[in-house]
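Quick notes on the structure that follows.
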Amino acid sequence: MKDIWTKLATIDRRIIYLLVFLVVSLPMIFRMIMPIRVSSEVKMAFSEIDNLKPGSIVMISIDYDAASEPELQPMLIGILRHCFSKDIKVILLGQWALGLPLGEIALNQVAKEYNKRYGEDYVNLGYRPGYTALMVGIGKEIRDFFPTDYKGIPIDSFPFMRKVRNYQQIDILVGLEAGATGDAWVQFAGARFNQKIILGTTGVVAPDMFPYLQAKQIVGLIGGLQGAAEYETLVRKAGSAILGMPAQSFVHLLIIIFIIIGNIGYFILRKRK
Amino acid sequence: MILNIIGTWLAATLTLAIFSFLYKDNPFYKLAEHIYVGVSAGFWVIYVWSFDIKPMLIDRFITTTGVEKWILLIPAILGILMLTRWFPKTAWISRIPLSFTIGIGAGLGVTASIQGFLIPQIGATLLPLTTINNILLVIGVISTIIYFYFSKEFKGTWKFFSRLGIIFIMVAFGASFGYTVMARISLLIGRIYFLLHNFLHIIP
C-alpha cells in the first residue's frame, strides 16, 4: 500500500492539468475581481500619454502575434482608449507581420467606441520587412518606407499625416513587444533620434527591459498581463486583463503549493531510501 | 456575422484540438499543428508580397522615373540571386546578396550596441552611493562582472565578490523565471477566456 507522499510523488500529470484548468476557469466564471496595485513603471507610462496635448501623435508598433495576444492585446486596447479619450492621433504599424490583423481589430473596436475616423484620427501603415533599416529610415523620412497606408492609400491624403516626416513629429512611440524588437526601438529610434519610448512587453521580455527604464532610455514599462491590468485600472475601463488577474493569482498560489508539496515529498522519500 | 460565428467555432475547435495533447498525442492535435504551420506560411507569403515586393518594388518601378527607377533593379537582382540557394551548383551566388544583408546588419548592430546599449547602461551605473538601491546596483554590477573575469584565480576578496556575483545572477534568473511563469499562465487564461466568452458565452 502506497503512502500519501509516494502517491503525490507519482501523481498523474493530467490531474495537475485539470486542477490548473479549474483554478483558471472558476474565478472567471464567477467574475471575481481583485484589487490591482499600480506599479511606478506603469504609472510613468500612463502619465507620459496623459500629459500629451490633444492633437499630439502617438506611434504604436505591433511587434507581437497571436501567441502573445492575451498579454499584449489588452495593453493595446487600453492605450488606444487612453489616446482616443484625449483626442491624440494614432499611427499604427508593425514589425511582426502576423500581428497586424490584431492591431486592426483593436483599432476598429476602440475607434468605434470613441467615434474616431480613419485618416482623421488614426492610420494603419502596415508592415515592412527589415525592421532595423526601417527604424533608422523613419528618422529621416517616413515616406521612404510608407508612402502609402496598408490599404495602398497615399499617406499625404490624410490631413494629420501631411506634417509627419520623421520622429520629430511623433510625440511618443509605444512598442508592444513579444521579442527583441523593443531593444531595436531603444537602440535605434531612442539612442539615435532621442525618440521618447514606452514599451509594453510580455512577461518573458519584461525583466530584460528594466535596465532601459533604469537608464531612462524608456519613459515607461508595461509588463505582462499584470501590467495590462494596471493600465486598464488607470484608464478606468476593465477588460480581459483585470478579469484574468484573479485566475493568475490563484494559479500562482497553486504552483507554490505544488512546489512545497513536491519538495516535502522528495525529501521524505529520499530520507527513507 | 455568419463569418464571425464560423471563425469562432473554427478557432475553438482548433484550441480544443491543441489542448487534447495534454491528455496524450492524437491525430486531432497533429491536424491542428499542421494547419497552424501551413496557414502561418501562407500568411507570410501574402504579407511579403502585399507589403514589400508589390508596393516597394513593382509599384515603385512603374510609377517612378529616371535614376530612382533603375536603381530598383539592384535590390531586385540581389533578391533573385538569393533564390540560387535552391540549386546546389549555383548556391554560391547567393553569398553575394547574403554578404550585403550581413554587412548592413553588422554595421547597424555595432553602432546600435555601443550608442544605444553599452554607453547609456554604463552611464546609468555611475551613480552616487547615497541610497540603498544605488549601492545594491553598483555592487551587483561589479560583482557580476568579477564573476565573469577568468584571468585571475578566485581567492580571498576576489572569491567573495565572485560568489556575491552568483547570488545577483540567481536573483535575476529567479525574477526572469517568475515573469515567464506569469506569461505562460496568461496565455492559458487568454485561451480559456476565449472559450468561455466568445465560444460558450458563459461569461459576458
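Lettering and numbering for the C-alpha cells are positional, with chains as A, B, ... in the shown order, residues counted from 1 in each chain, and ligands counted from 1 in the shown order.
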Which residues of chain A are close to chain B, meaning at most 8 Å apart when you count only C-alpha atoms, and how do they look as JSON, numbers by chain? {"A": [14, 17, 24, 25, 28, 29, 31, 67, 68, 69, 70, 71, 97, 98, 126, 127, 128, 129, 132, 133, 145, 150, 152, 184, 186, 187, 188, 190, 191, 192, 202, 203, 204, 206, 207, 211, 212, 214, 215, 217, 224, 225, 240, 244, 247, 248, 251, 252]}
Dump of C-alpha atoms for the selected residues, as an mmCIF file, in the first residue's frame:
data_model
loop_
_atom_site.group_PDB
_atom_site.id
_atom_site.type_symbol
_atom_site.label_atom_id
_atom_site.label_comp_id
_atom_site.auth_asym_id
_atom_site.auth_seq_id
_atom_site.Cartn_x
_atom_site.Cartn_y
_atom_site.Cartn_z
ATOM 1 C CA ARG A 14 -3.160 15.150 -16.106
ATOM 2 C CA TYR A 17 -3.565 19.997 -15.669
ATOM 3 C CA VAL A 24 -8.154 29.387 -14.118
ATOM 4 C CA SER A 25 -11.800 28.889 -15.150
ATOM 5 C CA MET A 28 -13.508 33.930 -14.468
ATOM 6 C CA ILE A 29 -16.882 32.163 -14.406
ATOM 7 C CA ARG A 31 -16.262 37.055 -12.228
ATOM 8 C CA ALA A 67 0.863 33.734 -29.455
ATOM 9 C CA SER A 68 1.185 36.801 -27.203
ATOM 10 C CA GLU A 69 -2.303 38.192 -27.745
ATOM 11 C CA PRO A 70 -3.626 37.539 -24.194
ATOM 12 C CA GLU A 71 -0.915 39.736 -22.684
ATOM 13 C CA ALA A 97 3.505 40.728 -39.963
ATOM 14 C CA LEU A 98 1.286 38.123 -38.312
ATOM 15 C CA GLY A 126 1.060 48.159 -42.073
ATOM 16 C CA TYR A 127 4.258 46.180 -42.234
ATOM 17 C CA ARG A 128 7.630 46.422 -43.962
ATOM 18 C CA PRO A 129 10.375 43.807 -43.620
ATOM 19 C CA THR A 132 16.388 47.861 -38.218
ATOM 20 C CA ALA A 133 16.757 49.701 -41.532
ATOM 21 C CA PHE A 145 9.202 53.282 -46.184
ATOM 22 C CA TYR A 150 -1.767 49.364 -45.502
ATOM 23 C CA GLY A 152 -2.388 51.446 -50.542
ATOM 24 C CA ALA A 184 15.971 47.746 -31.520
ATOM 25 C CA VAL A 186 15.506 51.743 -27.955
ATOM 26 C CA GLN A 187 18.867 51.379 -29.672
ATOM 27 C CA PHE A 188 17.885 52.948 -32.992
ATOM 28 C CA GLY A 190 15.761 56.152 -28.886
ATOM 29 C CA ALA A 191 19.548 56.431 -28.873
ATOM 30 C CA ARG A 192 19.977 57.893 -32.347
ATOM 31 C CA THR A 202 5.135 40.096 -22.479
ATOM 32 C CA GLY A 203 6.115 38.753 -19.074
ATOM 33 C CA VAL A 204 9.021 36.852 -20.628
ATOM 34 C CA ALA A 206 9.790 42.453 -19.273
ATOM 35 C CA PRO A 207 12.809 41.681 -16.998
ATOM 36 C CA PRO A 211 17.715 48.183 -17.432
ATOM 37 C CA TYR A 212 16.400 50.547 -20.146
ATOM 38 C CA GLN A 214 16.592 52.408 -15.012
ATOM 39 C CA ALA A 215 18.864 54.143 -17.541
ATOM 40 C CA GLN A 217 16.195 55.109 -22.150
ATOM 41 C CA GLY A 224 2.765 41.209 -18.910
ATOM 42 C CA LEU A 225 -0.869 40.654 -18.014
ATOM 43 C CA SER A 240 -9.783 40.949 -20.108
ATOM 44 C CA GLY A 244 -7.737 37.444 -15.777
ATOM 45 C CA ALA A 247 -7.088 33.474 -12.093
ATOM 46 C CA GLN A 248 -3.416 34.444 -12.406
ATOM 47 C CA VAL A 251 -2.717 29.642 -10.271
ATOM 48 C CA HIS A 252 0.422 31.150 -8.757
#
Could you give me, as a PyMOL selection string, each residue of segment 31-237 of chain A that DSSP assigns to alpha helix (DSSP H) when run on this structure's backbone? chain A and resi 40-50+69-85+100-113+131-138+181-184+191-193+206-214+224-235
Hey, can you spit out that residue selection with C-alpha atoms as an mmCIF file, in the first residue's frame?
data_model
loop_
_atom_site.group_PDB
_atom_site.id
_atom_site.type_symbol
_atom_site.label_atom_id
_atom_site.label_comp_id
_atom_site.auth_asym_id
_atom_site.auth_seq_id
_atom_site.Cartn_x
_atom_site.Cartn_y
_atom_site.Cartn_z
ATOM 1 C CA SER A 40 5.517 53.025 -10.723
ATOM 2 C CA GLU A 41 6.685 51.968 -14.213
ATOM 3 C CA VAL A 42 3.094 51.626 -15.482
ATOM 4 C CA LYS A 43 2.157 54.912 -13.796
ATOM 5 C CA MET A 44 5.068 56.551 -15.647
ATOM 6 C CA ALA A 45 3.814 55.181 -18.984
ATOM 7 C CA PHE A 46 0.289 56.364 -18.264
ATOM 8 C CA SER A 47 1.427 59.849 -17.190
ATOM 9 C CA GLU A 48 3.511 60.341 -20.328
ATOM 10 C CA ILE A 49 0.483 59.762 -22.553
ATOM 11 C CA ASP A 50 -1.832 61.583 -20.171
ATOM 12 C CA GLU A 69 -2.303 38.192 -27.745
ATOM 13 C CA PRO A 70 -3.626 37.539 -24.194
ATOM 14 C CA GLU A 71 -0.915 39.736 -22.684
ATOM 15 C CA LEU A 72 -0.424 42.460 -25.280
ATOM 16 C CA GLN A 73 -3.860 42.925 -26.833
ATOM 17 C CA PRO A 74 -5.392 44.291 -23.562
ATOM 18 C CA MET A 75 -2.445 46.712 -23.384
ATOM 19 C CA LEU A 76 -3.081 47.891 -26.939
ATOM 20 C CA ILE A 77 -6.793 48.347 -26.270
ATOM 21 C CA GLY A 78 -6.066 50.234 -23.018
ATOM 22 C CA ILE A 79 -3.546 52.545 -24.706
ATOM 23 C CA LEU A 80 -5.867 53.194 -27.664
ATOM 24 C CA ARG A 81 -8.713 54.061 -25.277
ATOM 25 C CA HIS A 82 -6.408 56.423 -23.424
ATOM 26 C CA CYS A 83 -5.221 58.106 -26.642
ATOM 27 C CA PHE A 84 -8.667 58.459 -28.224
ATOM 28 C CA SER A 85 -10.216 59.749 -24.990
ATOM 29 C CA LEU A 100 -1.039 43.347 -37.763
ATOM 30 C CA PRO A 101 -4.575 41.942 -38.016
ATOM 31 C CA LEU A 102 -4.705 42.080 -34.196
ATOM 32 C CA GLY A 103 -3.825 45.768 -34.356
ATOM 33 C CA GLU A 104 -6.523 46.327 -36.945
ATOM 34 C CA ILE A 105 -9.127 44.523 -34.805
ATOM 35 C CA ALA A 106 -8.264 46.659 -31.750
ATOM 36 C CA LEU A 107 -8.240 49.898 -33.786
ATOM 37 C CA ASN A 108 -11.671 49.217 -35.283
ATOM 38 C CA GLN A 109 -13.120 48.259 -31.910
ATOM 39 C CA VAL A 110 -11.814 51.256 -29.934
ATOM 40 C CA ALA A 111 -12.293 53.805 -32.750
ATOM 41 C CA LYS A 112 -15.981 52.866 -32.827
ATOM 42 C CA GLU A 113 -16.246 53.369 -29.031
ATOM 43 C CA TYR A 131 12.964 46.475 -39.132
ATOM 44 C CA THR A 132 16.388 47.861 -38.218
ATOM 45 C CA ALA A 133 16.757 49.701 -41.532
ATOM 46 C CA LEU A 134 13.159 50.897 -41.167
ATOM 47 C CA MET A 135 13.748 52.266 -37.664
ATOM 48 C CA VAL A 136 16.756 54.235 -38.856
ATOM 49 C CA GLY A 137 14.958 55.293 -42.047
ATOM 50 C CA ILE A 138 11.919 56.710 -40.230
ATOM 51 C CA THR A 181 12.237 44.336 -31.435
ATOM 52 C CA GLY A 182 11.899 46.500 -28.316
ATOM 53 C CA ASP A 183 15.683 46.547 -27.933
ATOM 54 C CA ALA A 184 15.971 47.746 -31.520
ATOM 55 C CA ALA A 191 19.548 56.431 -28.873
ATOM 56 C CA ARG A 192 19.977 57.893 -32.347
ATOM 57 C CA PHE A 193 16.944 60.153 -32.659
ATOM 58 C CA ALA A 206 9.790 42.453 -19.273
ATOM 59 C CA PRO A 207 12.809 41.681 -16.998
ATOM 60 C CA ASP A 208 15.185 42.419 -19.892
ATOM 61 C CA MET A 209 13.624 45.866 -20.367
ATOM 62 C CA PHE A 210 14.089 47.119 -16.796
ATOM 63 C CA PRO A 211 17.715 48.183 -17.432
ATOM 64 C CA TYR A 212 16.400 50.547 -20.146
ATOM 65 C CA LEU A 213 13.929 52.014 -17.681
ATOM 66 C CA GLN A 214 16.592 52.408 -15.012
ATOM 67 C CA GLY A 224 2.765 41.209 -18.910
ATOM 68 C CA LEU A 225 -0.869 40.654 -18.014
ATOM 69 C CA GLN A 226 -0.277 42.349 -14.646
ATOM 70 C CA GLY A 227 0.925 45.498 -16.429
ATOM 71 C CA ALA A 228 -2.058 45.400 -18.775
ATOM 72 C CA ALA A 229 -4.419 45.107 -15.777
ATOM 73 C CA GLU A 230 -2.682 48.085 -14.145
ATOM 74 C CA TYR A 231 -3.124 50.149 -17.302
ATOM 75 C CA GLU A 232 -6.804 49.165 -17.517
ATOM 76 C CA THR A 233 -7.155 50.304 -13.896
ATOM 77 C CA LEU A 234 -5.636 53.691 -14.704
ATOM 78 C CA VAL A 235 -7.802 54.098 -17.816
#
When you draw a straight line from atom CA of Ile198 of chain A to atom CA of Ser39 of chain A, how long is it in Å?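 Taking atom CA of Ile198 of chain A and atom CA of Ser39 of chain A, their separation equals 14.6 Å.
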Please compute the atom CA of Asp171 of chain A-atom CA of Asp65 of chain A distance, one decimal, in Å. 25.3 Å
Pick out the residues sitting within 9 Å of Lys30 of chain B, and hand them over as JSON, numbers by chain; count only C-alpha atoms, and ignore anything fewer than 6 positions along from it in its own chain. {"B": [17, 18, 21]}
Please write the residues from the selection above to a file, keeping C-alpha atoms, as an mmCIF file, in the first residue's frame.
data_model
loop_
_atom_site.group_PDB
_atom_site.id
_atom_site.type_symbol
_atom_site.label_atom_id
_atom_site.label_comp_id
_atom_site.auth_asym_id
_atom_site.auth_seq_id
_atom_site.Cartn_x
_atom_site.Cartn_y
_atom_site.Cartn_z
ATOM 1 C CA ALA B 17 -7.577 20.040 -30.568
ATOM 2 C CA ILE B 18 -4.312 21.562 -29.335
ATOM 3 C CA PHE B 21 -2.317 16.934 -26.416
#
Need to verify the contact set: segment 145-157 of chain B, 8 Å, only C-alpha atoms, exclusion of same-chain residues closer than 6 positions in sequence. Can you return it as a PyMOL selection string? chain B and resi 163+165-166
